[in-house]
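Comments concern the structure below.
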Amino acid sequence: MKRIVTALEKLTVGIGYAASVLIVPLILATCYEVFARYAFGSPTIWAFELGYSVMGVHFLLGAALTLQRGGHIRIDVLYGNFKPKTKATIDLFFYVIFLLPFLTIVSYWMLSYAFDSFVSGERTGQSAWNPVIWPFRIMISSAIALLTVQTIAEILKCVMTLRHADDQAEEA
Amino acid sequence: MEALLMFPALFLLIFLGFPVAFALMSVAFVFGYYTFGDAAFFQFMQKIEDVASNFILAAVPLFVFMGAMLERSGIAEKLFHAVHLWTRRLPGGVAVGTVIMCIIFAASTGVIGATETVVGLLAIPSMMRLNYSKSLISGTICAGGSLGTIIPPSVVVVVLGPIANVSIGDLMVGMIFPGLILSGLYIVYIILLCTFSPTAAPRVDDDEPLMPLGEKLVVTVKALVPPLFMIFAVLGSIMLGWAAPTEAAALGAAGAIVLTIAYGKFTLQTFSEALVKTLTVTSMIMLILLGGSIFTGVYAGSGGMSIMRDLLDAISLGPWGLLIIFLLLVFVAGFFLEWISILLIFVPLFMPFIRDAGFDPVWFCMLILIMIQTSYLTPPMAPAIFYLRGIAPPEMTLRHMYVGVVPFLAIQMVALLIVMMFPETALWLPEQVLGFR
Amino acid sequence: QEHKFKMATAWSGGPLTDIGAQAFADRVKETSGGRIEIEVFPSGTLGPGLKVSETVKNGVADMGHTWVGYDWGADTTAVLFGGYAGSFDSERMLHWLYRAGGAELHAQWRDEQFGLVAMPLFIRTSEVFLHSRKPVRTLEDLQGLKLRTAGAWLDISQSMGAAPVTMPGGDVYPALERGTIDATEWGTLWENLSPGFYRVTKYVIIPGVHQPTAPFELVVNKDSWAKLSEADQKLISDAAFYTTMNSWLTIGQEDAKALEVYRQEGNEIVELDAEVQIAAHNAGIAWAEKQAEGNEWFRKVLDHQKAFADLWKDANRYRNVKTE
Ligand code: NA
Ligand code: NA
């Protein structure tokens, strides 16, 4: 089980680190837009749509790494005082009952949404650039799939914590 | 009517410790599927794409990155020393200097964690050495460190603007005076306290030779240039009309990289640390926003908005009564929730009433922002205290911290009253910067 | 039979809600004796403001009030139904829709391409061309002008030498006030009062060559539509027609009053040279001809509109009496 978790998290961390670099094109494109507008008097047609796409893909791809790092805020007024076993039980319950089905269904639907827009050739309609929308939707569905993968890793980690605690109890 | 059950369900999940973002999504998932069936998933997808393609929100990662870079740039140390050249002779001089330092730093970053840890690491040892009271130290660091929200630029404003349907540019400029009033009151309080109760901050035995004024000025100017450069890149470019708020954030982010290089602190190591930190903080914020957007969609779709409207109409408190109730709700919520949840849950509910009552939305957002300041300090959910615990020496206890923040909470209430009674404090400056006449 | 419907809109208040979506809902409630209730949701609550048709198609809302042009990314034909630089004026547009088969064509297109029931609901007269920091009269003035816009006008205005920018709605006011952009288009004279652009820009440039008219539409989910009896379907269509004609009348009168407000506020009203007006119209037509290549629906609607314009080509001579 531990090996599965390690493998899954390698994926999360690898993709997460890669996604973190996306901030660089966001800075470059947006600064260039300001520069182009004043220096050349001609704003770009692509900076706006490129900017929001990069922003969206950046944080969505990062969601899994953030989960792996425990970075999603919890209100730990009560939670902070629970024993590790109680924490694992609560997390396990919510991950399995709510989050996993939610993410699984949404990432699947998002993928078919992306596929539909690939077939229809739908465009964003948001600027003169007006690129096709399916690559963005593919990225969104992949990001949610990655978050699903990390949720599975978290579930396994909860199970391991519970088992470990049981073993210790038996030994005692 | 099911819509009304969404809140208890949400609070249950949140208080059991399930991450806020996922709690919002889970509740929306269950209630949405119950109300809309499969259509709920279309709504979720639309909301995800909507939040993921909101250009205004690109300012969030940019401001976060700016803070993460500046934390590692080393400009804080120089600034700290320069400020203290001027404040050390005042009663509570180091504390006063710390607040000033916090103001300058807050004006060059958009997040609160960055300001507080950097300033805290410098100021705490120096105040401990001078035997400042530990509550004063904690209060100063917590209150000063969280000025990042109310002194522009601010990530909180970037999130608040779209929710309240108010221009981010107006908020960024409008908050300058309320921010300065609040921080000015902090300084006045510290000086008064240390004058009348010298044990809080024993006077320095002045054996250090005085630095000549010329040298003092040189050191100060040198230390002030980098933060001024940052302030200009962001606020200046907005006010001069060079850049829209999101673009200004990008200029600031680029500026932070330039500064770090100029100070010789730029390495691939620090850069990649800053990138990963930016990613996780941004994801955390944005996922809560996303969860909130999904939650609100289901809530509105199941008739929650109209129920709430009827409810508030039925109470009929009059505009000021409502305003006070709203602010009180935010204050109480601030004990238990962090700022994004507070904004997401309450602001969409308040805004229609504020507009109907004829209050200025920008002014109301200022009041909310000041209230958000209190949420950083009020336990149990007190981010400012969390950050302080991360950097405080062991002899500073949680008790010192809780006691220490109380006077600063009181000051925040005073600032709230001032801005409430004199709306011009928030509205005058944007009026001056704009206009064709 | 009683019905309760949810209506998604692309608006967060203003005339489009007041004399559009909400007025329609009120009319339906009134004429059905309270049997049919429509709850109007502001933009962004049920779904994104620019994706109302999708929100309705997927059944998250039963119906929606939106501008047809928002869907140009899915099919550029939307532009012809929503109005663009090559369109005829509002009066002709109303005649085309209601008397020349335009509305039927619109309904057929929405049905075939999007699986939606659709009909006109609300119409704008010519918009304000620009609220601008600089006076714009000639083609020369337009060169390099940083104007904020959306949709097909981005393409067309660029072909005329302007520097169009896309920008989220909430950024427009501060960007204008600080000169990040030179000018913006928005709605008609009356509708533009509440965003307050006149407070930060001196010049009001007329007429709206980019948008001589703007019909809006009601889209209805097919399942929800099927739940209605034939008589109730007729009731809905009648209410939509009534609301559309009313909106046209109200906007006409309010626009006239609004122009006075701008004058009193110290704005200067600048009229585009005839040369620019004609150039914009021609650029619009040229753009449309290009879009029609390889898009059957676009071709069909464009030809239909051209035939109508041709039939009406002498209308100015027999309808307009010269008085000045
Ligand atoms: Na700040
Ligand atoms: Na708190």
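Residue numbers start at 1 in each chain; chains themselves are named A, B, ... in the order of the structure tokens; ligands are numbered from 1 in the order shown.
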
Q. Neighbours of ligand 1 within 8 Å, counting only C-alpha atoms and all ligand atoms, as a list in words?
A. Phe105, Ala106, Ala107, Ser108, Thr109, Gly110, Val111, Ile112, Leu147, Gly148, Thr149, Ile150, Ile151, Pro152, Pro153, Ser154 and Val155 of chain B

With all heavy atoms retained, export the selected residues as a tab-separated table (two decimals), in the first residue's frame.
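Below you can see selection03.tsv, which holds the result:
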chain	number	residue	atom	x	y	z
B	105	PHE	N	6.24	47.45	4.43
B	105	PHE	CA	6.29	46.12	3.85
B	105	PHE	C	4.92	45.71	3.31
B	105	PHE	O	4.82	45.10	2.25
B	105	PHE	CB	6.78	45.11	4.90
B	105	PHE	CG	7.62	44.02	4.32
B	105	PHE	CD1	8.93	44.27	3.92
B	105	PHE	CD2	7.11	42.75	4.15
B	105	PHE	CE1	9.70	43.27	3.35
B	105	PHE	CE2	7.88	41.74	3.58
B	105	PHE	CZ	9.17	42.00	3.19
B	106	ALA	N	3.87	46.08	4.05
B	106	ALA	CA	2.51	45.74	3.61
B	106	ALA	C	2.19	46.43	2.29
B	106	ALA	O	1.47	45.90	1.46
B	106	ALA	CB	1.49	46.14	4.67
B	107	ALA	N	2.77	47.63	2.12
B	107	ALA	CA	2.50	48.36	0.89
B	107	ALA	C	3.25	47.76	-0.29
B	107	ALA	O	2.98	48.09	-1.43
B	107	ALA	CB	2.87	49.82	1.05
B	108	SER	N	4.21	46.89	-0.01
B	108	SER	CA	4.89	46.27	-1.14
B	108	SER	C	4.51	44.81	-1.34
B	108	SER	O	5.01	44.17	-2.26
B	108	SER	CB	6.41	46.42	-1.03
B	108	SER	OG	6.81	46.84	0.22
B	109	THR	N	3.65	44.26	-0.48
B	109	THR	CA	3.19	42.90	-0.75
B	109	THR	C	1.67	42.83	-0.60
B	109	THR	O	1.05	43.73	-0.06
B	109	THR	CB	3.78	41.86	0.23
B	109	THR	OG1	3.24	42.12	1.52
B	109	THR	CG2	5.27	41.91	0.27
B	110	GLY	N	1.10	41.73	-1.06
B	110	GLY	CA	-0.35	41.63	-1.05
B	110	GLY	C	-0.91	40.61	-0.09
B	110	GLY	O	-2.11	40.41	-0.01
B	111	VAL	N	-0.02	39.92	0.66
B	111	VAL	CA	-0.51	38.85	1.54
B	111	VAL	C	-0.04	39.09	2.96
B	111	VAL	O	0.91	39.81	3.18
B	111	VAL	CB	0.01	37.47	1.07
B	111	VAL	CG1	-0.89	36.93	-0.01
B	111	VAL	CG2	1.42	37.55	0.59
B	112	ILE	N	-0.72	38.47	3.94
B	112	ILE	CA	-0.33	38.79	5.32
B	112	ILE	C	0.78	37.89	5.85
B	112	ILE	O	1.61	38.33	6.61
B	112	ILE	CB	-1.52	38.82	6.31
B	112	ILE	CG1	-1.92	37.42	6.75
B	112	ILE	CG2	-2.68	39.62	5.79
B	112	ILE	CD1	-2.52	37.43	8.14
B	147	LEU	N	-1.38	43.95	8.60
B	147	LEU	CA	-1.76	45.16	7.85
B	147	LEU	C	-1.77	44.92	6.35
B	147	LEU	O	-2.35	45.70	5.59
B	147	LEU	CB	-0.80	46.30	8.18
B	147	LEU	CG	-1.03	46.99	9.53
B	147	LEU	CD1	0.10	47.97	9.82
B	147	LEU	CD2	-2.37	47.71	9.54
B	148	GLY	N	-1.14	43.84	5.91
B	148	GLY	CA	-1.08	43.54	4.47
B	148	GLY	C	-2.42	43.57	3.78
B	148	GLY	O	-2.50	43.85	2.58
B	149	THR	N	-3.49	43.29	4.51
B	149	THR	CA	-4.82	43.28	3.92
B	149	THR	C	-5.36	44.68	3.67
B	149	THR	O	-5.92	44.96	2.61
B	149	THR	CB	-5.81	42.56	4.87
B	149	THR	OG1	-5.45	41.19	4.88
B	149	THR	CG2	-7.23	42.70	4.39
B	150	ILE	N	-5.18	45.56	4.63
B	150	ILE	CA	-5.85	46.86	4.58
B	150	ILE	C	-4.97	47.92	3.93
B	150	ILE	O	-5.44	48.95	3.51
B	150	ILE	CB	-6.31	47.29	6.01
B	150	ILE	CG1	-7.23	48.50	5.99
B	150	ILE	CG2	-5.12	47.55	6.90
B	150	ILE	CD1	-8.66	48.17	5.75
B	151	ILE	N	-3.65	47.63	3.85
B	151	ILE	CA	-2.77	48.53	3.10
B	151	ILE	C	-2.62	47.93	1.71
B	151	ILE	O	-2.24	46.78	1.58
B	151	ILE	CB	-1.37	48.59	3.78
B	151	ILE	CG1	-1.50	48.99	5.24
B	151	ILE	CG2	-0.43	49.47	2.97
B	151	ILE	CD1	-1.16	50.40	5.56
B	152	PRO	N	-2.95	48.71	0.66
B	152	PRO	CA	-2.88	48.12	-0.67
B	152	PRO	C	-1.43	47.86	-1.09
B	152	PRO	O	-0.55	48.54	-0.57
B	152	PRO	CB	-3.49	49.20	-1.55
B	152	PRO	CG	-3.28	50.47	-0.80
B	152	PRO	CD	-3.30	50.12	0.65
B	153	PRO	N	-1.18	46.95	-2.00
B	153	PRO	CA	-2.11	46.02	-2.66
B	153	PRO	C	-2.53	44.89	-1.73
B	153	PRO	O	-1.87	44.68	-0.72
B	153	PRO	CB	-1.27	45.46	-3.80
B	153	PRO	CG	0.12	45.47	-3.28
B	153	PRO	CD	0.22	46.71	-2.44
B	154	SER	N	-3.58	44.20	-2.08
B	154	SER	CA	-4.08	43.19	-1.18
B	154	SER	C	-4.84	42.10	-1.93
B	154	SER	O	-5.72	42.39	-2.74
B	154	SER	CB	-5.00	43.87	-0.15
B	154	SER	OG	-5.92	42.97	0.37
B	155	VAL	N	-4.48	40.88	-1.66
B	155	VAL	CA	-5.16	39.74	-2.29
B	155	VAL	C	-6.63	39.72	-1.87
B	155	VAL	O	-7.51	39.37	-2.64
B	155	VAL	CB	-4.47	38.43	-1.91
B	155	VAL	CG1	-5.33	37.24	-2.32
B	155	VAL	CG2	-3.12	38.31	-2.58

Q.
Using only C-alpha atoms, I'd like every residue of chain B that has an atom within 9 Å of chain C; please write them out as a PyMOL selection string.
A. chain B and resi 36+38-40+42-44+46-47+49-50+54-56+161-162+165-170+238-245+293+296-301+303+433-437

Residues of chain A that have any atom at most 12 Å from an atom of ligand 2: could you tabulate them with the shortest-distance atom pair and the distance in Å to one decimal, using only C-alpha atoms and all ligand atoms, ordered by chain and increasing number, as a tab-separated table?
residue	atom	partner	partner_atom_place_in_ligand_line	distance
A:Ile75	CA	ligand 2	1 (Na)	10.4
A:Asp76	CA	ligand 2	1 (Na)	11.9
A:Val77	CA	ligand 2	1 (Na)	10.7

Q. Hey, what does DSSP flag as strand (DSSP E) within segment 120-186 of chain C? Can you give it to me as a PyMOL selection string?
A. chain C and resi 120-124+130-132+146-148+163-165+183-184

Using only C-alpha atoms, what table do you get, as CSV, when you list each residue of chain B with an atom no more than 7 Å from chain A, its nearest pair of atoms, and their distance in Å rounded to one decimal, rows by chain then rising number?
residue,atom,partner,partner_atom,distance
B:Ile14,CA,A:Ile75,CA,6.2
B:Phe15,CA,A:Ile75,CA,6.1
B:Leu16,CA,A:Tyr79,CA,5.9
B:Gly17,CA,A:Tyr79,CA,4.9
B:Phe18,CA,A:Arg74,CA,6.0
B:Pro19,CA,A:Arg74,CA,4.3
B:Val20,CA,A:Arg74,CA,5.7
B:Phe22,CA,A:Leu99,CA,6.9
B:Ser26,CA,A:Phe98,CA,5.4
B:Phe29,CA,A:Phe102,CA,6.7
B:Phe41,CA,A:Val106,CA,6.6
B:Met45,CA,A:Met110,CA,6.4
B:Ala52,CA,A:Gly56,CA,3.9
B:Ser53,CA,A:Tyr52,CA,4.9
B:Asn54,CA,A:Tyr52,CA,5.9
B:Phe55,CA,A:Tyr52,CA,4.6
B:Ala58,CA,A:Met55,CA,5.5
B:Ala243,CA,A:Val34,CA,6.4
B:Glu247,CA,A:Thr30,CA,5.8
B:Ala250,CA,A:Ile27,CA,5.1
B:Leu251,CA,A:Cys31,CA,6.0
B:Ala253,CA,A:Ile27,CA,6.9
B:Ala254,CA,A:Ile27,CA,6.6
B:Leu275,CA,A:Ser20,CA,5.4
B:Val276,CA,A:Ser20,CA,5.6
B:Leu279,CA,A:Ser20,CA,5.4
B:Thr280,CA,A:Thr66,CA,4.9
B:Thr282,CA,A:Phe59,CA,6.2
B:Ser283,CA,A:Phe59,CA,4.6
B:Met284,CA,A:His72,CA,5.1
B:Met286,CA,A:Phe59,CA,6.8
B:Leu337,CA,A:Ile75,CA,7.0
B:Pro380,CA,A:Val77,CA,6.1
B:Met381,CA,A:Ile75,CA,7.0

Would you write out those residues with N, CA and C atoms, as a CSV table (one decimal), in the first residue's frame?
chain,number,residue,atom,x,y,z
B,14,ILE,N,-17.1,21.7,8.3
B,14,ILE,CA,-16.0,22.6,8.5
B,14,ILE,C,-15.4,22.4,9.9
B,15,PHE,N,-16.4,22.3,10.9
B,15,PHE,CA,-15.9,22.2,12.3
B,15,PHE,C,-15.4,20.8,12.6
B,16,LEU,N,-15.8,19.8,11.9
B,16,LEU,CA,-15.2,18.5,12.1
B,16,LEU,C,-13.8,18.5,11.5
B,17,GLY,N,-13.4,19.6,10.8
B,17,GLY,CA,-12.0,19.7,10.3
B,17,GLY,C,-11.8,19.3,8.9
B,18,PHE,N,-12.9,19.1,8.1
B,18,PHE,CA,-12.7,18.8,6.7
B,18,PHE,C,-12.2,20.0,6.0
B,19,PRO,N,-11.2,20.0,5.1
B,19,PRO,CA,-10.8,21.2,4.5
B,19,PRO,C,-11.9,22.0,3.9
B,20,VAL,N,-11.9,23.4,4.2
B,20,VAL,CA,-13.0,24.2,3.8
B,20,VAL,C,-13.4,24.1,2.4
B,22,PHE,N,-13.2,21.6,0.3
B,22,PHE,CA,-13.8,20.4,0.0
B,22,PHE,C,-15.2,20.3,0.7
B,26,SER,N,-18.5,19.4,-1.2
B,26,SER,CA,-19.3,18.2,-0.8
B,26,SER,C,-20.7,18.6,-0.5
B,29,PHE,N,-22.4,19.3,-3.7
B,29,PHE,CA,-22.5,18.0,-4.4
B,29,PHE,C,-23.8,17.3,-4.0
B,41,PHE,N,-24.2,18.5,-12.3
B,41,PHE,CA,-22.8,18.4,-12.8
B,41,PHE,C,-22.5,19.4,-13.9
B,45,MET,N,-19.4,22.1,-13.7
B,45,MET,CA,-18.4,22.2,-14.7
B,45,MET,C,-18.4,23.7,-15.2
B,52,ALA,N,-11.9,29.4,-13.3
B,52,ALA,CA,-10.6,29.1,-13.9
B,52,ALA,C,-10.3,30.1,-15.0
B,53,SER,N,-11.4,30.8,-15.5
B,53,SER,CA,-11.1,31.7,-16.6
B,53,SER,C,-11.4,33.2,-16.3
B,54,ASN,N,-11.3,33.5,-15.0
B,54,ASN,CA,-11.5,34.8,-14.5
B,54,ASN,C,-10.2,35.6,-14.5
B,55,PHE,N,-10.0,36.4,-15.5
B,55,PHE,CA,-8.7,37.1,-15.6
B,55,PHE,C,-8.3,37.9,-14.3
B,58,ALA,N,-6.2,36.4,-11.7
B,58,ALA,CA,-4.8,36.2,-12.0
B,58,ALA,C,-3.9,37.0,-11.0
B,243,ALA,N,-1.6,50.6,-15.9
B,243,ALA,CA,-2.0,49.2,-15.8
B,243,ALA,C,-3.3,49.0,-15.1
B,247,GLU,N,-2.7,43.6,-14.2
B,247,GLU,CA,-1.5,43.9,-14.8
B,247,GLU,C,-0.5,44.5,-13.8
B,250,ALA,N,1.2,41.9,-12.0
B,250,ALA,CA,2.3,41.3,-12.8
B,250,ALA,C,3.6,42.1,-12.8
B,251,LEU,N,3.4,43.5,-12.9
B,251,LEU,CA,4.5,44.4,-12.8
B,251,LEU,C,5.2,44.2,-11.4
B,253,ALA,N,5.2,41.6,-9.5
B,253,ALA,CA,5.9,40.3,-9.5
B,253,ALA,C,7.2,40.3,-10.2
B,254,ALA,N,7.2,41.0,-11.4
B,254,ALA,CA,8.4,41.1,-12.1
B,254,ALA,C,9.4,42.0,-11.3
B,275,LEU,N,8.2,29.6,-6.1
B,275,LEU,CA,7.2,29.1,-7.1
B,275,LEU,C,6.3,28.1,-6.4
B,276,VAL,N,6.9,27.2,-5.7
B,276,VAL,CA,6.1,26.1,-5.1
B,276,VAL,C,5.2,26.7,-4.0
B,279,LEU,N,2.3,28.4,-5.6
B,279,LEU,CA,1.4,27.4,-6.1
B,279,LEU,C,0.4,26.9,-5.0
B,280,THR,N,1.0,26.5,-3.9
B,280,THR,CA,0.2,25.9,-2.9
B,280,THR,C,-0.7,26.9,-2.2
B,282,THR,N,-1.8,29.7,-3.6
B,282,THR,CA,-2.8,30.1,-4.6
B,282,THR,C,-3.9,29.0,-4.7
B,283,SER,N,-3.5,27.8,-4.8
B,283,SER,CA,-4.4,26.7,-5.0
B,283,SER,C,-5.4,26.7,-3.8
B,284,MET,N,-4.8,26.9,-2.6
B,284,MET,CA,-5.6,26.9,-1.4
B,284,MET,C,-6.7,28.0,-1.5
B,286,MET,N,-7.8,29.7,-4.2
B,286,MET,CA,-8.7,29.5,-5.4
B,286,MET,C,-9.6,28.4,-5.2
B,337,LEU,N,-13.9,31.5,11.3
B,337,LEU,CA,-13.7,31.3,9.9
B,337,LEU,C,-12.5,32.1,9.4
B,380,PRO,N,-10.6,31.2,18.1
B,380,PRO,CA,-9.5,30.2,17.9
B,380,PRO,C,-8.9,30.3,16.5
B,381,MET,N,-9.7,30.8,15.5
B,381,MET,CA,-9.1,30.9,14.1
B,381,MET,C,-8.5,32.2,14.0

Q) Which distance in Å separates atom CA of Gly255 of chain B and atom CA of Thr267 of chain B, to one decimal? A)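 Those two atoms sit 15.9 Å apart.
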
Q) What is the distance, in Å and to one decimal place, between atom CA of Val51 of chain B and atom CA of Pro348 of chain B? A)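 Between atom CA of Val51 of chain B and atom CA of Pro348 of chain B the gap is 15.9 Å.
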
Q.
as a VMD selection string, could you give me every residue of chain A near chain C (at most 12 Å apart, counting only C-alpha atoms)?
A. chain A and resid 33 to 52 113 116 to 134

Q. Please, which residues of chain A, numbered as in this document, come out alpha helix (DSSP H) from DSSP, as a ChimeraX atom specification?
A. /A:2-20,23-39,47-68,76-79,84-94,100-120,134-171

Spatial neighbours of Val347 of chain B, 7 Å, only C-alpha atoms, chain gap at least 3 places, as a short mmCIF file (atom, residue, chain, number, x, y, z; two decimals) with N, CA, C and O atoms, in the first residue's frame:
data_model
loop_
_atom_site.label_atom_id
_atom_site.label_comp_id
_atom_site.auth_asym_id
_atom_site.auth_seq_id
_atom_site.Cartn_x
_atom_site.Cartn_y
_atom_site.Cartn_z
N ILE B 163 -16.71 39.64 -5.90
CA ILE B 163 -17.85 39.14 -5.12
C ILE B 163 -18.83 40.28 -4.85
O ILE B 163 -20.04 40.11 -4.94
N ALA B 164 -18.27 41.46 -4.53
CA ALA B 164 -19.13 42.59 -4.19
C ALA B 164 -19.54 43.38 -5.42
O ALA B 164 -20.32 44.32 -5.31
N LEU B 343 -15.86 36.18 3.34
CA LEU B 343 -16.27 36.98 2.18
C LEU B 343 -17.29 36.23 1.33
O LEU B 343 -18.31 36.77 0.93
N LEU B 344 -16.99 34.96 1.07
CA LEU B 344 -17.84 34.17 0.18
C LEU B 344 -19.23 33.97 0.73
O LEU B 344 -20.22 34.00 0.00
N PHE B 350 -25.04 40.36 1.59
CA PHE B 350 -25.19 41.75 2.06
C PHE B 350 -25.40 42.74 0.93
O PHE B 350 -26.16 43.69 1.05
N MET B 351 -24.66 42.54 -0.18
CA MET B 351 -24.56 43.61 -1.18
C MET B 351 -25.90 44.16 -1.69
O MET B 351 -26.05 45.37 -1.79
#
